[in-house]
Each structure stands twice: as C-alpha cells, then as structure tokens.
Amino acid sequence: MSPPDNANSPLAAPVSDVWGVGEERAKLLARLNINTVEDLLLHKPRRYEERRKFLPIREMKLKEAATVRGTIVAAGVKRFRKGARAMFECVFDDGTAHLHCRWWQAQPWMEDWYAVGREFLIFGKPDSLKPRNMDHPETELVEPGEDEFIHVNRIVPIHPLTDGLTARVVRILVWRALEKFENEFEEPKVGQTGRLPWLTQSVQNPLSARASALAGQAGRLPYFPSRANAVHMIHFPNEMIDVEIARQRLALDEFVELQFQIQSRRKKFEAVAKALPCGGDNRLMKPFLAELGFKLTAAQTSVLRDIRADMGGQPSLKTFGSASAHPMRRLLQGDVGSGKTAVAACAALMTLESGFNVALMAPTEILAEQHFRNFQKWFGPLGVKVEMQTGSKKTFNIQHSTSNVERATRSGQSTTNNQLSTLFIGTHALFTAGFELPKLGLVIIDEQHKFGVAQRETLVRKGNYPHLLVMTATPIPRTLGLTLYGDLDVSVIDELPGGRGAIKTFVRPADKLPKVWDFIREKLSAGRQAYVVYPRVEENADGLKAVTKEFEHLKKLLAPFKVGLLHGRLKSAEKEAVMADFRANRHQVLLATSLIEVGVDVPNATVMLIENAEAFGLAQLHQLRGRIGRGAHESYCILISDAKTPDSIGRLKILAETNDGFKIAEADLRLRGPGELLGQEQSGLPNLRFGDLAEDLDLIRQARELVKKSVEGGRDLLPV
Ligand code: ADP
Ligand code: MG
C-alpha cells in the first residue's frame with residue numbers, strides 16, 4: 001500500500017539524504033526495503049528495551065529475558081577437540097557478578113570486537129545461573145559520546161536488521177532522520193484535497209478501547225497523537241503504552257487509505273455501471289421450487305430477497321438522474337452445507353427469466369462437474385440450456401458474430417423475454433482471454449476465496465457489467481471482510497437446513513488408529529460411506545502420509561469394501577470416474593487429498609478421517625469436515641495427530657469444541673495470519689506496516705466510517 005504522504009513530499013527523498021548513509025549503507029538498507037526517508041521512518045521496531053534501569057547481573061533470573069550492562073574481563077576462542085567447531089566465549093562483569101556469553105560458531109571478527117575492557121549492553125535469557133551462562137545474546141557496544149542519550153537511559157527501539165547493520169546504527173539513522181524530517185509528516189488527506197475530520201472536537205478519539213484501557217492501566221489519559229508525533233513515539237516512546245497508541249494511530253492511517261481505495265472503487269463503479277433488469281417474473285422459479293424436494297430455509301429466503309432487490313433494477317427509474325440502480329455486487333457467506341447452491345440457482349433463474357445468460361464459475365473441475373450435473377437435473381426440465389467448459393471439457397462453442405445479441409446487451413435490453421437463455425458452468429477456463437460470453441446478465445463465483453481479488457475484478461469486466469454474486473464458505477473474519485470485500489454488499493446464511501444429523505469431532509493420536517478403522521468398518525457395514533484424507537499425493541522427506549502410498553494398504557485393510565483414490569495429479573476423466581463411483585456407492589471409501597475440500601456433496605458419507613491433521617489449517621479442516629453431516633445420519637470427523645506441541649494440540653481442540661465457522665476462521669487468522677487463512681491464491685491482501693488484520697477490527701471500522709463521511713460529504717473528493 002502506498003503511504004498517505006504524497007510523492008513530492010520531502011519524505012520521498014532518498015534515504016541517502018540522511019547524514020551517515022553512504023552508498024554502502026544505502027545498499028544494506030535497501031535489503032530491508034528502505035529506499036526513502038519515509039521508509040526509514042516507518043521502519044517499525046521489532047521490539048523495545050527498557051534501558052532506564054539495568055538489571056544487575058547478579059539479579060538475572062533463569063530463562064528470563066533481561067538487559068544488563070557489563071565490561072569484558074576475559075574473552076577467547078575455545079575448541080573442544082581438534083577440527084571441531086570453535087566456540088567464542090567472553091565474560092562480562094558489572095561489579096555484582098560475572099556473566100559468561102557464548103557463541104557456538106566463532107566468527108573471525110569476534111576477537112577484535114569483544115575485546116577486554118570494552119563495555120556492552122547485553123540482552124538475552126540466562127540458560128544457567130551457576131555459572132551465569134547465556135548463549136547467543138544480542139549485544140550493543142557502549143561508546144561514550146554525544147549521542148549516548150539515544151541508546152541508554154530510555155526505552156530504546158530494536159529495529160529489524162540485516163547483516164552489516166547493527167541496532168545501534170539503525171537507531172542513530174532513525175534519530176537523525178526524525179530530527180530533520182519528523183515535521184514533514186502531515187495529517188493524511190483523502191483524495192486530492194479532503195482532510196479527515198478526526199482532530200476536530202466532533203470526532204471521538206478513534207483509538208480502540210484496548211489502547212484506552214492500556215493507557216488507563218498506566219495511569220495516563222488516552223490521547224490521540226498527530227501523525228508526526230506518532231512516528232516519533234513508535235521509535236522513541238516515553239512509556240511502553242506510547243508504542244501501542246502510536247501504532248494504532250499509524251495503523252488507522254493505513255486503514256483509512258485502504259478504505260478510501262475500496263470506497264472510491266465502489267463509487268466509480270456505481271457511476272459508470274448500469275444494472276441490467278434481471279428481476280425475473282417467477283415463471284421458471286415457481287416450478288423449480290416445487291420440484292426441488294425441500295423448502296428453502298428462512299435464511300435462504302431472506303438472502304434471496306436481498307438478491308432480488310439488487311437485480312430487479314427498473315430501467316425506467318434511471319431517468320431520475322444520478323440515482324441509477326447499479327449492478328449487484330454481493331458477497332454471499334454461508335457456512336459449509338448451508339445451501340448456497342440453491343440460492344445461486346434461484347438467482348440464475350431470475351436472470352434467465354429476464355432473457356439474459358448466466359455464468360457460474362467454480363474453482364475446481366470436480367466442483368464444476370458437480371454443479372453441471374445438478375443444474376442439468378434442476379434446469380433441464382425447465383427447458384434451460386446448461387453448458388460447460390473446463391480445462392479438459394467443453395460442451396459448447398461461442399459464436400462471435402452474435403451481433404443482434406451483442407447489440408441487445410449493450411442497450412440493456414433482452415432480445416425477447418420468451419427466448420430460452422443459457423447457464424454456462426466452468427472453471428476459470430470459462431473466462432480465458434478472448435472468450436466473451438454473450439448477453440451475460442449474472443456472474444456467480446462459487447468458493448470465491450479460491451480465486452484472487454484481482455480475478456474477481458477482471459471477471460465482471462468481461463460482460464457488460466453483469467450482476468455479480470460471489471459465494472464463500474470460508475467465513476471471513478470481519479477485519480478481513482471489510483478489507484477484502486469492503487466494496488461488496490454482504491448477505492449471510494446463518495442457518496443450516498434442518499433434518500441433518502449432528503457432527504461429532506474427535507482428536508486422536510496415531511496409536512488409536514486400529515480402533516478407528518474398526519469404527520469405520522462398522523459404519524461402512526451399516527451402509528454409510530467415508531472419506532479418508534492425507535496431506536500429500538506422494539511421500540517426500542517431510543514424513544507426512546501420502547495417498548498414493550496408503551492406497552494399497554487401505555484396499556487390503558478395508559476389504560471387502562471398495563476404496564477409490566482421488567488427487568490433483570489424476571487426469572480429469574479419471575477424477576470424474578472416481579467421483580462417479582463414490583457418488584453411486586460403488587466405492588464406499590474415498591481416499592483423497594484436500595482436493596475434496598471445496599463443494600463436494602455426497603450426503604451418504606458420514607465419516608471424515610484426516611491423518612496428519614496438524615499439517616492443515618483450521619479453516620481447511622473445517623471445510624473438509626463440511627463434506628459430512630449432509631444427510632440425516634449422525635456424522636463423525638476424526639482428526640489423527642501426533643502433534644506434541646501445546647499449540648498444535650490446542651488448535652485441533654478448537655475444532656472439536658465448535659462447529660462455528662466464524663469462530664474457527666478467527667482463531668485461524670490469529671494463529672496463522674491472513675495469507676495462510678485465505679490460501680496462496682488470494683491476492684489483494686494489503687501490505688500493512690502497522691495495521692494488524694487479526695486484531696484491529698475497531699480501527700478498521702473507524703476508518704470505514706471516517707472515509708464514508710468524507711466520501712459522502714463531498715463527491716468532489718473522489719476522482720471519478
Ligand atoms: P454449500 O452452502 O456448502 O454450497 P450446498 O449448496 O452444497 O451447500 O448444500 C448442501 C446440501 O444441502 C445439498 O445436498 C443441498 O441439496 C441441501 N440443501 C440446500 N438447501 C436445503 C434446504 N433448505 N433444506 C434441505 N436441504 C437443503
Ligand atoms: Mg458449495
């Protein structure tokens with residue numbers, strides 16, 4: 001993300017403008033992505049050291065980090081036997097006790113640097129107290145001089161470093177840069193001219209409740225620093241509470257910038273894009289719902305009401321100036337199994353009734369196939385054409401000379417309301433370059449989190465601003481939702497269809513597997529089916545189990561029941577055949593990788609066994625678990641893991657404790673960060689220096705409101 005300060009600000013000057021940065025240091029700084037003065041000043045410290053009072057060496061506690069100050073009284077290289085690695089050791093004395101510091105790989109420069117008589121600050125945890133030993137501590141040479149007040153007698157920052165740049169050097173450079181440039185940090189502007197109103201009395205202190213609470217505990221009033229002040233305090237705080245206050249202030253600036261981008265994108269879109277009238281007339285919907293075999297849940301119905309309101313834009317209303325209805329841009333969130341497909345089908349029917357075509361995009365071929373089969377079954381009897389294109393299969397050809405149709409689309413009119421329209425289903429192959437679907441009224445993207453945000457953007461451009469419905473079963477924590485999908489309206493299906501058996505989840509160590517297999521055999525004998533999931537396709541050095549290896553073993557173990565094998569390296573036709581066998585219960589067990597994580601729907605499958613469960617993310621495990629519990633029978637998810645660390649065991653326990661996708665996603669976000677939660681495919685995650693997507697919901701909300709006020713208050717702020 002670009003910082004709010006603009007390009008001709010003095011802050012954009014090269015970092016070599018800071019006294020003491022020559023060619024050599026500029027190169028080292030570039031390794032830390034520091035190229036400008038501003039980069040240097042926004043280089044967030046990785047931690048802080050309390051150096052107003054040092055601990056006497058004698059008072060250090062075992063395995064407790066502390067900073068001490070001592071003079072070297074002995075130093076040297078030790079080699080335990082000939083040819084062995086050399087160790088460097090030196091002994092510090094502060095008048096209260098000795099501290100032995102050891103580096104297990106002696107470097108040539110150490111003997112010169114750690115010379116007897118030199119004074120150092122030493123930070124680390126003692127590994128023993130008799131004698132006092134510390135391995136690989138961080139040290140900083142105490143050089144008496146004018147700038148000494150920067151490094152001691154205060155809380156000092158330790159910045160992220162790189163080889164050849166010490167903490168002391170970076171600290172000096174930051175200090176000098178602050179002296180010269182600190183006041184160049186202005187309050188952020190929104191757009192070209194708009195200032196945010198947050199320093200006026202009408203706006204409450206926008207820092208989070210957490211910051212206020214911290215300030216209260218420290219006996220301080222919460223306050224709201226200027227941007228310049230915050231930049232100073234993030235490096236040189238008076239008290240530790242100042243760090244969090246400064247961080248929140250700078251994070252808020254980042255979120256404001258982000259929200260401004262999101263909201264102006266939306267505004268721009270609303271200004272140029274006109275809605276096609278796709279409200280439909282129920283003539284297909286009625287028979288569809290009658291034949292569906294179940295009643296929509298209240299949640300499904302209410303979401304459909306949102307969708308119909310979005311899509312039913314009346315062209316005649318557009319004559320009333322700027323209040324034109326714009327195409328739908330809606331995110332549909334619903335936990336696994338909540339019935340998003342049926343909602344998508346209804347939205348598709350409204351569009352088809354209105355004489356427009358629909359495109360439905362799925363992230364995997366298996367899922368596209370499944371949709372193709374379902375929709376053919378549902379829509380075939382209604383006379384709707386259902387076509388499919390994936391990387392390996394294609395049931396139709398688009399003719400590019402459909403000039404009548406194109407003209408009709410451009411003018412926002414359907415050709416005739418009686419003509420039957422088409423539903424196109426596919427993977428992203430559906431939208432490969434040069435491919436133009438004619439008369440597109442609605443684009444539905446299933447399992448949106450598997451696609452990048454950028455892809456979503458290019459997609460809707462393909463048509464003449466069709467309506468857009470994106471669906472996701474990865475419950476997105478609010479922080480991420482507001483950031484990634486801030487330009488979409490959101491509907492949530494917060495209810496599962498009734499008549500489903502409960503899902504029980506167990507975490508078990510690998511030595512319980514024999515019992516688990518007995519249990520599974522019992523369920524298979526009762527007529528149910530099971531998924532078995534391993535993390536790898538083929539074995540490799542990481543020691544995780546692989547489907548190809550376990551396949552032979554399982555076939556024997558589970559005979560006479562039949563086992564199918566599914567993974568990403570199979571050809572499409574093979575995958576399809578395997579899925580068909582499982583669906584038809586010719587195979588009772590499906591051995592698979594996490595490929596089956598999205599969308600697959602086989603209600604008779606009631607057991608999900610996942611080995612090496614610690615190798616998966618929580619959200620991913622929840623998705624996998626969502627494959628079961630789809631029928632009336634009780635279902636069982638068994639997570640096998642020999643993970644020993646309390647962390648990984650705690651993680652898996654969360655799954656056993658809750659079936660609430662939102663809770664799980666939030667835990668996953670905290671534990672593994674947004675990149676991991678959303679998957680590698682997800683682009684569009686902002687690069688934040690100070691903001692924290694797992695923690696800063698308050699600030700993101702604040703930023704959103706502030707920008708909304710500015711954007712609504714003055715249209716001219718938005719470069720349309
Ligand atoms: P997801 O939201 O995970 O995509 P699906 O659309 O695959 O869920 O639906 C899961 C299962 O629930 C399907 O078998 C579907 O037919 C069924 N289903 C959907 N809506 C209802 C409902 N209102 N009542 C009963 N079953 C439903
Ligand atoms: Mg689905």
# chains A, B, ... in the order shown; residues from 1 in each chain; ligands from 1

$ residues_near_ligand --ligand "ligand 2" --cutoff "12 Å" --atoms "only C-alpha atoms and all ligand atoms" --output "number ranges by chain"
A: 332-345, 360-364, 366-368, 370-371, 374, 444-449, 470-474, 596-602, 623, 626-627, 630

$ write_last_selection --atoms "C-alpha atoms" --output "PDB file, in the first residue's frame"
ATOM      1  CA  LEU A 332     -22.901 -14.448  -0.007  1.00  0.00           C
ATOM      2  CA  GLN A 333     -21.387 -16.010   3.062  1.00  0.00           C
ATOM      3  CA  GLY A 334     -22.704 -19.215   4.434  1.00  0.00           C
ATOM      4  CA  ASP A 335     -21.037 -21.980   6.342  1.00  0.00           C
ATOM      5  CA  VAL A 336     -20.390 -25.267   4.580  1.00  0.00           C
ATOM      6  CA  GLY A 337     -23.629 -27.058   3.870  1.00  0.00           C
ATOM      7  CA  SER A 338     -25.840 -24.028   4.400  1.00  0.00           C
ATOM      8  CA  GLY A 339     -27.275 -24.380   0.903  1.00  0.00           C
ATOM      9  CA  LYS A 340     -25.675 -21.673  -1.160  1.00  0.00           C
ATOM     10  CA  THR A 341     -26.102 -23.609  -4.382  1.00  0.00           C
ATOM     11  CA  ALA A 342     -29.886 -23.477  -4.191  1.00  0.00           C
ATOM     12  CA  VAL A 343     -29.708 -19.711  -3.666  1.00  0.00           C
ATOM     13  CA  ALA A 344     -27.394 -19.400  -6.666  1.00  0.00           C
ATOM     14  CA  ALA A 345     -29.886 -21.424  -8.690  1.00  0.00           C
ATOM     15  CA  LEU A 360     -21.226 -19.887 -12.903  1.00  0.00           C
ATOM     16  CA  MET A 361     -17.589 -20.309 -12.083  1.00  0.00           C
ATOM     17  CA  ALA A 362     -16.119 -22.931  -9.738  1.00  0.00           C
ATOM     18  CA  PRO A 363     -12.519 -23.272  -8.579  1.00  0.00           C
ATOM     19  CA  THR A 364     -12.050 -26.968  -9.399  1.00  0.00           C
ATOM     20  CA  ILE A 366     -14.724 -31.647  -9.736  1.00  0.00           C
ATOM     21  CA  LEU A 367     -16.936 -28.910  -8.397  1.00  0.00           C
ATOM     22  CA  ALA A 368     -17.761 -27.592 -11.866  1.00  0.00           C
ATOM     23  CA  GLN A 370     -20.947 -31.473  -9.770  1.00  0.00           C
ATOM     24  CA  HIS A 371     -22.686 -28.173 -10.492  1.00  0.00           C
ATOM     25  CA  ASN A 374     -27.044 -30.677 -10.526  1.00  0.00           C
ATOM     26  CA  ILE A 444     -21.764 -16.281  -9.977  1.00  0.00           C
ATOM     27  CA  ILE A 445     -18.430 -17.196  -8.452  1.00  0.00           C
ATOM     28  CA  ASP A 446     -18.569 -20.186  -6.155  1.00  0.00           C
ATOM     29  CA  GLU A 447     -15.988 -20.569  -3.392  1.00  0.00           C
ATOM     30  CA  GLN A 448     -14.688 -17.088  -4.080  1.00  0.00           C
ATOM     31  CA  HIS A 449     -11.827 -17.430  -1.590  1.00  0.00           C
ATOM     32  CA  VAL A 470     -19.732 -14.257  -5.081  1.00  0.00           C
ATOM     33  CA  MET A 471     -20.156 -17.069  -2.620  1.00  0.00           C
ATOM     34  CA  THR A 472     -17.798 -18.291   0.011  1.00  0.00           C
ATOM     35  CA  ALA A 473     -17.918 -20.880   2.733  1.00  0.00           C
ATOM     36  CA  THR A 474     -14.750 -19.708   4.371  1.00  0.00           C
ATOM     37  CA  ILE A 596     -12.161 -32.529  -1.910  1.00  0.00           C
ATOM     38  CA  GLU A 597     -12.146 -29.580   0.478  1.00  0.00           C
ATOM     39  CA  VAL A 598     -14.470 -27.475  -1.618  1.00  0.00           C
ATOM     40  CA  GLY A 599     -18.044 -28.097  -2.526  1.00  0.00           C
ATOM     41  CA  VAL A 600     -18.246 -31.894  -2.840  1.00  0.00           C
ATOM     42  CA  ASP A 601     -21.684 -33.038  -1.759  1.00  0.00           C
ATOM     43  CA  VAL A 602     -22.399 -36.739  -1.070  1.00  0.00           C
ATOM     44  CA  GLN A 623     -14.089 -27.178   5.107  1.00  0.00           C
ATOM     45  CA  GLY A 626     -18.161 -29.815   5.901  1.00  0.00           C
ATOM     46  CA  ARG A 627     -18.189 -32.745   3.459  1.00  0.00           C
ATOM     47  CA  ARG A 630     -25.107 -33.568   4.947  1.00  0.00           C
TER      48      ARG A 630
END

$ select_by_dssp --residues "range 30-112 of chain A" --states "strand (DSSP E or B)" --output "ChimeraX atom specification"
/A:36,47-50,66-79,86-93,98-103

$ residues_around --residues "Thr297 in chain A" --least-positions-apart "5" --cutoff "8 Å" --atoms "only C-alpha atoms" --output "count of residues only"
3

$ residues_around --residues "Asp306 in chain A" --least-positions-apart "4" --cutoff "12 Å" --atoms "only C-alpha atoms" --output "PyMOL selection string"
chain A and resi 279+299-302+310-312+328-332+343+347+469+489-493

$ residues_around --residues "Glu244 in chain A" --least-positions-apart "3" --cutoff "9 Å" --atoms "only C-alpha atoms" --output "PyMOL selection string"
chain A and resi 211+214+234+240-241+247-249

$ residues_around --residues "Cys90 in chain A" --least-positions-apart "2" --cutoff "12 Å" --atoms "only C-alpha atoms" --output "MDAnalysis selection string"
chainID A and resid 70:78 87:88 92:93 98:104 106 110:120 122 132:137 139

$ atom_distance --atom1 "atom 18 (N, counted along the ligand's line) of ligand 1" --atom2 "CA of Leu296 in chain A"
7.8 Å

$ atom_distance --atom1 "CA of Ser264 in chain A" --atom2 "CA of Ala251 in chain A"
19.8 Å
